[in-house]
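Undergrad: For reference, the file coords_34.tsv (TSV, C-alpha atoms and all ligand atoms) is included below:
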chain	number	residue	atom	x	y	z
N	1	MET	CA	40.99	80.82	-71.28
N	2	ARG	CA	38.10	82.29	-73.20
N	3	TYR	CA	37.59	78.89	-74.78
N	4	LEU	CA	37.26	77.29	-71.33
N	5	TYR	CA	34.59	79.79	-70.26
N	6	PHE	CA	32.75	79.09	-73.49
N	7	LEU	CA	32.90	75.35	-72.89
N	8	ALA	CA	31.82	75.70	-69.27
N	9	GLY	CA	28.89	77.83	-70.41
N	10	TRP	CA	27.66	75.10	-72.72
N	11	VAL	CA	28.06	72.45	-70.03
N	12	VAL	CA	26.02	74.52	-67.56
N	13	LEU	CA	23.37	75.22	-70.19
N	14	GLY	CA	23.23	71.50	-71.01
N	15	LEU	CA	22.79	70.57	-67.35
N	16	VAL	CA	20.05	73.15	-66.86
N	17	LEU	CA	18.21	71.94	-69.98
N	18	TRP	CA	18.55	68.31	-68.91
N	19	TYR	CA	17.23	69.16	-65.44
N	20	VAL	CA	14.24	71.08	-66.75
N	21	LEU	CA	13.39	68.73	-69.60
N	22	ARG	CA	13.95	65.30	-68.06
N	23	THR	CA	10.98	63.03	-67.41
N	24	VAL	CA	9.68	63.48	-63.88
N	25	PRO	CA	6.45	61.97	-62.60
N	26	THR	CA	4.22	64.45	-60.81
N	27	ALA	CA	2.59	61.85	-58.53
N	28	SER	CA	3.82	59.02	-56.32
N	29	PRO	CA	4.18	55.57	-57.94
N	30	ALA	CA	1.25	54.20	-55.92
N	31	ALA	CA	-0.96	57.14	-56.87
N	32	MET	CA	0.01	56.75	-60.53
N	33	VAL	CA	-1.01	53.08	-60.58
N	34	GLU	CA	-4.27	53.86	-58.80
N	35	ALA	CA	-4.98	56.57	-61.39
N	36	GLY	CA	-4.17	53.99	-64.09
N	37	GLU	CA	-6.85	51.63	-62.78
N	38	ALA	CA	-9.34	54.51	-62.62
N	39	MET	CA	-8.52	55.38	-66.22
N	40	LEU	CA	-9.78	51.98	-67.35
N	41	ARG	CA	-13.29	52.47	-65.94
N	42	VAL	CA	-14.77	53.95	-69.11
N	43	ARG	CA	-17.02	52.68	-71.88
N	44	ARG	CA	-16.03	54.59	-75.00
N	45	VAL	CA	-12.50	55.45	-76.03
N	46	VAL	CA	-11.00	57.36	-78.96
N	47	ALA	CA	-7.22	57.30	-79.39
N	48	VAL	CA	-5.64	59.62	-81.98
N	49	VAL	CA	-2.13	59.02	-83.33
N	50	ALA	CA	-0.04	60.28	-86.26
N	51	HIS	CA	1.19	57.07	-87.92
N	52	PRO	CA	0.48	53.36	-88.11
N	53	ASP	CA	2.49	51.73	-85.26
N	54	ASP	CA	2.37	54.75	-82.88
N	55	ALA	CA	-0.48	53.19	-80.90
N	56	GLU	CA	1.11	49.76	-80.75
N	57	TYR	CA	4.41	51.20	-79.56
N	58	TRP	CA	3.15	53.50	-76.82
N	59	ILE	CA	-0.38	52.66	-75.72
N	60	SER	CA	-1.54	49.29	-77.04
N	61	GLY	CA	-1.18	47.67	-73.61
N	62	THR	CA	-3.59	50.19	-72.16
N	63	LEU	CA	-5.92	49.85	-75.15
N	64	ALA	CA	-5.85	46.04	-74.80
N	65	ARG	CA	-6.77	46.38	-71.14
N	66	LEU	CA	-9.62	48.75	-72.03
N	67	VAL	CA	-10.89	46.24	-74.60
N	68	GLY	CA	-10.62	43.55	-71.92
N	69	GLU	CA	-12.77	45.68	-69.62
N	70	GLY	CA	-15.44	45.81	-72.32
N	71	ALA	CA	-14.79	49.34	-73.63
N	72	ARG	CA	-15.32	50.29	-77.25
N	73	VAL	CA	-11.92	51.46	-78.51
N	74	VAL	CA	-11.64	53.40	-81.77
N	75	LEU	CA	-8.22	54.27	-83.16
N	76	VAL	CA	-7.73	57.31	-85.41
N	77	VAL	CA	-4.55	57.26	-87.53
N	78	ALA	CA	-3.85	60.64	-89.15
N	79	SER	CA	-1.38	59.57	-91.86
N	80	ASP	CA	-0.47	56.32	-93.58
N	81	GLY	CA	3.21	56.75	-92.67
N	82	GLU	CA	4.22	56.52	-96.32
N	83	LYS	CA	7.57	58.22	-95.59
N	84	GLY	CA	8.56	55.60	-93.03
N	85	HIS	CA	10.87	52.61	-93.52
N	86	ASN	CA	10.10	50.12	-96.23
N	87	ARG	CA	11.75	46.95	-94.98
N	88	VAL	CA	9.37	44.69	-96.85
N	89	GLY	CA	9.98	46.12	-100.34
N	90	SER	CA	6.40	47.29	-100.70
N	91	ALA	CA	5.48	49.04	-103.96
N	92	ASP	CA	2.69	50.86	-102.14
N	93	LEU	CA	3.85	51.57	-98.61
N	94	ALA	CA	0.72	53.50	-97.62
N	95	SER	CA	-1.58	50.53	-98.24
N	96	THR	CA	0.91	48.11	-96.72
N	97	ARG	CA	0.99	50.19	-93.56
N	98	ARG	CA	-2.81	50.40	-93.42
N	99	ALA	CA	-2.93	46.60	-93.70
N	100	GLU	CA	-0.32	46.27	-90.93
N	101	GLN	CA	-2.33	48.65	-88.76
N	102	ARG	CA	-5.48	46.56	-89.31
N	103	ALA	CA	-3.59	43.36	-88.45
N	104	ALA	CA	-2.22	44.97	-85.27
N	105	GLY	CA	-5.71	46.23	-84.51
N	106	SER	CA	-7.20	42.77	-84.65
N	107	VAL	CA	-4.59	41.55	-82.14
N	108	ILE	CA	-5.63	44.27	-79.67
N	109	GLY	CA	-9.32	44.25	-80.55
N	110	TYR	CA	-9.99	47.83	-81.68
N	111	SER	CA	-13.66	48.23	-82.60
N	112	ASP	CA	-12.76	50.45	-85.52
N	113	ILE	CA	-9.75	52.13	-87.12
N	114	VAL	CA	-10.30	55.47	-88.87
N	115	PHE	CA	-7.60	56.49	-91.36
N	116	LEU	CA	-7.56	60.23	-92.03
N	117	GLY	CA	-5.24	59.90	-95.06
N	118	GLN	CA	-3.15	62.97	-94.26
N	119	PRO	CA	0.39	63.27	-95.68
N	120	ASP	CA	3.16	61.76	-93.58
N	121	ARG	CA	5.38	64.44	-91.95
N	122	ALA	CA	2.48	66.88	-92.28
N	123	ALA	CA	-0.05	64.66	-90.56
N	124	ALA	CA	-1.65	67.42	-88.53
N	125	ASP	CA	-1.07	70.34	-90.89
N	126	GLY	CA	-4.03	69.92	-93.28
N	127	PRO	CA	-6.79	72.54	-93.03
N	128	ASN	CA	-9.47	69.99	-92.15
N	129	VAL	CA	-7.64	67.61	-89.78
N	130	SER	CA	-9.35	69.13	-86.79
N	131	GLU	CA	-12.76	68.72	-88.44
N	132	LEU	CA	-12.04	65.10	-89.33
N	133	ILE	CA	-11.15	64.36	-85.71
N	134	ALA	CA	-14.23	66.30	-84.54
N	135	GLU	CA	-16.40	64.09	-86.77
N	136	VAL	CA	-15.09	60.98	-85.04
N	137	LEU	CA	-15.67	62.57	-81.63
N	138	THR	CA	-19.26	63.46	-82.56
N	139	LYS	CA	-19.93	59.95	-83.81
N	140	GLU	CA	-18.22	58.09	-80.97
N	141	GLN	CA	-19.08	60.36	-78.00
N	142	PRO	CA	-16.04	59.07	-76.09
N	143	ASP	CA	-15.65	59.42	-72.34
N	144	LEU	CA	-11.89	59.00	-72.76
N	145	VAL	CA	-9.58	60.51	-75.40
N	146	ILE	CA	-5.93	59.50	-75.66
N	147	THR	CA	-3.31	61.25	-77.77
N	148	PHE	CA	0.32	62.45	-77.87
N	149	ASP	CA	1.53	65.05	-75.38
N	150	GLY	CA	1.95	68.07	-77.66
N	151	TRP	CA	3.23	70.35	-74.90
N	152	LYS	CA	5.52	68.34	-72.66
N	153	PRO	CA	6.76	65.46	-74.81
N	154	SER	CA	9.33	63.13	-73.31
N	155	LEU	CA	12.80	63.65	-74.72
N	156	PRO	CA	14.97	63.06	-76.63
N	157	TYR	CA	12.74	61.50	-79.29
N	158	LEU	CA	10.59	64.12	-80.98
N	159	HIS	CA	8.59	63.95	-84.20
N	160	PRO	CA	6.71	67.07	-85.29
N	161	ASP	CA	3.70	64.98	-86.43
N	162	HIS	CA	3.39	63.50	-82.94
N	163	GLU	CA	3.31	66.73	-80.97
N	164	ALA	CA	1.16	68.44	-83.61
N	165	ILE	CA	-1.51	65.74	-83.73
N	166	GLY	CA	-1.68	65.84	-79.92
N	167	ARG	CA	-2.34	69.59	-79.94
N	168	VAL	CA	-4.90	69.40	-82.76
N	169	THR	CA	-6.74	66.58	-81.01
N	170	VAL	CA	-6.98	68.40	-77.70
N	171	ARG	CA	-8.25	71.51	-79.49
N	172	ALA	CA	-10.85	69.42	-81.33
N	173	VAL	CA	-12.02	67.98	-78.01
N	174	GLU	CA	-12.22	71.44	-76.45
N	175	GLN	CA	-14.29	72.70	-79.38
N	176	SER	CA	-16.60	69.68	-79.29
N	177	GLY	CA	-18.58	71.06	-76.36
N	178	ARG	CA	-18.13	67.79	-74.49
N	179	SER	CA	-15.58	67.06	-71.82
N	180	PRO	CA	-14.19	63.54	-71.97
N	181	ASP	CA	-11.13	62.78	-69.85
N	182	ILE	CA	-7.97	63.46	-71.86
N	183	TYR	CA	-4.81	61.41	-71.31
N	184	LEU	CA	-1.56	62.32	-73.07
N	185	PHE	CA	1.18	59.77	-73.75
N	186	HIS	CA	4.88	60.18	-74.64
N	187	THR	CA	4.96	62.74	-71.86
N	188	ARG	CA	7.73	63.96	-69.59
N	189	ARG	CA	5.29	64.80	-66.77
N	190	PRO	CA	3.37	61.54	-66.22
N	191	ASN	CA	0.86	61.22	-63.40
N	192	VAL	CA	-0.82	57.98	-64.50
N	193	ALA	CA	0.68	54.49	-64.94
N	194	VAL	CA	-1.25	51.60	-66.46
N	195	ASP	CA	0.07	48.16	-65.48
N	196	ILE	CA	0.41	46.24	-68.75
N	197	SER	CA	1.99	43.03	-67.41
N	198	SER	CA	-1.14	40.97	-68.18
N	199	VAL	CA	-1.16	42.10	-71.84
N	200	ALA	CA	2.58	42.36	-72.58
N	201	GLU	CA	2.52	39.44	-75.02
N	202	GLN	CA	-0.46	40.90	-76.84
N	203	LYS	CA	1.34	44.24	-77.13
N	204	ALA	CA	4.46	42.55	-78.50
N	205	ALA	CA	2.40	40.61	-81.06
N	206	ALA	CA	0.54	43.73	-82.19
N	207	PHE	CA	3.77	45.70	-82.58
N	208	SER	CA	5.27	42.85	-84.62
N	209	ALA	CA	2.53	43.32	-87.21
N	210	HIS	CA	4.34	46.47	-88.40
N	211	ALA	CA	6.96	44.50	-90.31
N	212	SER	CA	7.62	47.29	-92.82
N	213	GLN	CA	8.97	49.43	-89.96
N	214	HIS	CA	10.63	46.94	-87.69
N	215	GLY	CA	11.53	44.01	-89.93
N	216	GLY	CA	12.00	40.88	-87.87
N	217	ASN	CA	11.48	42.71	-84.56
N	218	THR	CA	9.53	40.49	-82.22
N	219	GLY	CA	7.83	43.37	-80.53
N	220	GLU	CA	9.88	42.89	-77.39
N	221	GLY	CA	11.43	46.35	-77.89
N	222	PRO	CA	8.50	48.46	-76.73
N	223	VAL	CA	7.62	45.97	-73.99
N	224	ARG	CA	11.18	46.24	-72.67
N	225	ARG	CA	10.86	50.04	-72.72
N	226	MET	CA	7.67	49.82	-70.65
N	227	ARG	CA	9.36	47.37	-68.27
N	228	GLU	CA	12.27	49.80	-67.78
N	229	ALA	CA	9.83	52.68	-67.29
N	230	GLY	CA	8.10	50.71	-64.53
N	231	LYS	CA	11.33	49.57	-62.90
N	232	GLN	CA	12.47	53.18	-62.48
N	233	TYR	CA	9.56	53.76	-60.12
N	234	GLY	CA	9.47	50.29	-58.56
N	235	LEU	CA	6.46	49.28	-60.66
N	236	PRO	CA	5.60	46.44	-63.06
N	237	PRO	CA	5.75	47.22	-66.83
N	238	VAL	CA	3.69	50.35	-67.32
N	239	GLU	CA	2.51	52.75	-69.97
N	240	LEU	CA	2.68	56.33	-68.71
N	241	PHE	CA	0.22	59.16	-69.26
N	242	ARG	CA	-0.38	62.73	-68.20
N	243	LYS	CA	-4.01	63.29	-67.32
N	244	LEU	CA	-5.04	66.71	-68.50
N	245	GLU	CA	-6.85	68.59	-65.72
J	1	ZN	ZN	4.87	58.06	-85.36
As structure tokens - that is how I would like this structure written.
Ligand SMILES: [Zn+2]
TA:
Amino acid sequence: MRYLYFLAGWVVLGLVLWYVLRTVPTASPAAMVEAGEAMLRVRRVVAVVAHPDDAEYWISGTLARLVGEGARVVLVVASDGEKGHNRVGSADLASTRRAEQRAAGSVIGYSDIVFLGQPDRAAADGPNVSELIAEVLTKEQPDLVITFDGWKPSLPYLHPDHEAIGRVTVRAVEQSGRSPDIYLFHTRRPNVAVDISSVAEQKAAAFSAHASQHGGNTGEGPVRRMREAGKQYGLPPVELFRKLE
């Protein structure tokens, strides 16, 4: 009997956790798409991620659309992802992954890619990461900053580098004395949806450049994810963000 109570307790706890932690948009689908179009009306963008391939997986559709609108898009990659997969038998995975990131970048059209050279799995832990990000912000003077949601990440996939780089980036923005719009991705409380149907092929091609991580993957994986995300809310393929107010 005691065992049954114990089991029931865990089930209830699981249900409560699932209910609290599941991804729930905080705006209507129409309002999210409208906010997505508004997000694209900027000139200077800095996106900060933890590893090569993070941007291509989650936000490269949005970044491609920003490039298409004539914005200057600079990508900051905190680590070289040297502890990731090595499906290409590279003797120097860090430089291979930088090269893959550059190749992906040329598919999307980033104006610049800044590698911070921090250790993988401690990408945001170095004493000067915040300063390095602040330097980019001072140089680029962005009106839009995009990074990981370090507070309300979507579950179940978590990576400490992701949430940490999101928090460090937002702090660096707050300390910069400027106030660009901040949009967080990989979030469980989205209120912005960017329609990426016009750039889905470009996103797939950019993601495919990361062969060391995904082998022969055609890049359809992340596009399918975005398509499913959209379908849930009756929308085209979308990338989701939480605009920080
Ligand atoms: Zn990553």
Undergrad: Let me make sure I understand: among N:Arg98, N:Arg43, N:Arg188, N:His162, which one has the smallest atom-to-atom distance to ligand ZN 1 (chain J) if we use only C-alpha atoms and all ligand atoms?
TA: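 Of the candidates, the smallest distance to ligand ZN 1 (chain J) is held by N:His162.
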Undergrad: Which residue, N:Tyr157, N:Tyr110, N:Tyr183, N:Trp151, has the smallest gap to ligand ZN 1 (chain J) when you use all atoms listed in the file?
TA: N:Tyr157
Undergrad: From the options N:Asn86, N:Thr26, N:Gln141, N:Gln213, which residue's atoms come nearest to ligand ZN 1 (chain J), counting all atoms listed in the file?
TA: N:Gln213
Undergrad: Which chains and residue numbers are within 10 Å of ligand ZN 1 (chain J), counting all atoms listed in the file, if I want them as a ChimeraX atom specification?
TA: /N:49-55,57-58,77-81,84,120-121,123,148,158-163
Undergrad: Which one is closest to Ser28 (chain N): N:Ala204, N:Leu4, N:Val192, N:Leu155? Count all atoms listed in the file.
TA: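 For Ser28 (chain N), the nearest of the candidates is N:Val192.
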Undergrad: Of the candidates N:Leu184, N:Val74, N:Val194, N:Ala94, which shows the shortest atom-to-atom distance to Glu245 (chain N), using all atoms listed in the file?
TA: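 The closest residue to Glu245 (chain N) is N:Leu184.
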Undergrad: Would you kindly identify which residues have an atom no farther than 8 Å from (-10.4, 64.1, -87.1), using all atoms listed in the file and the file's own coordinates, and write them out as a PyMOL selection string?
TA: chain N and resi 76+78+116+128-137+169+172
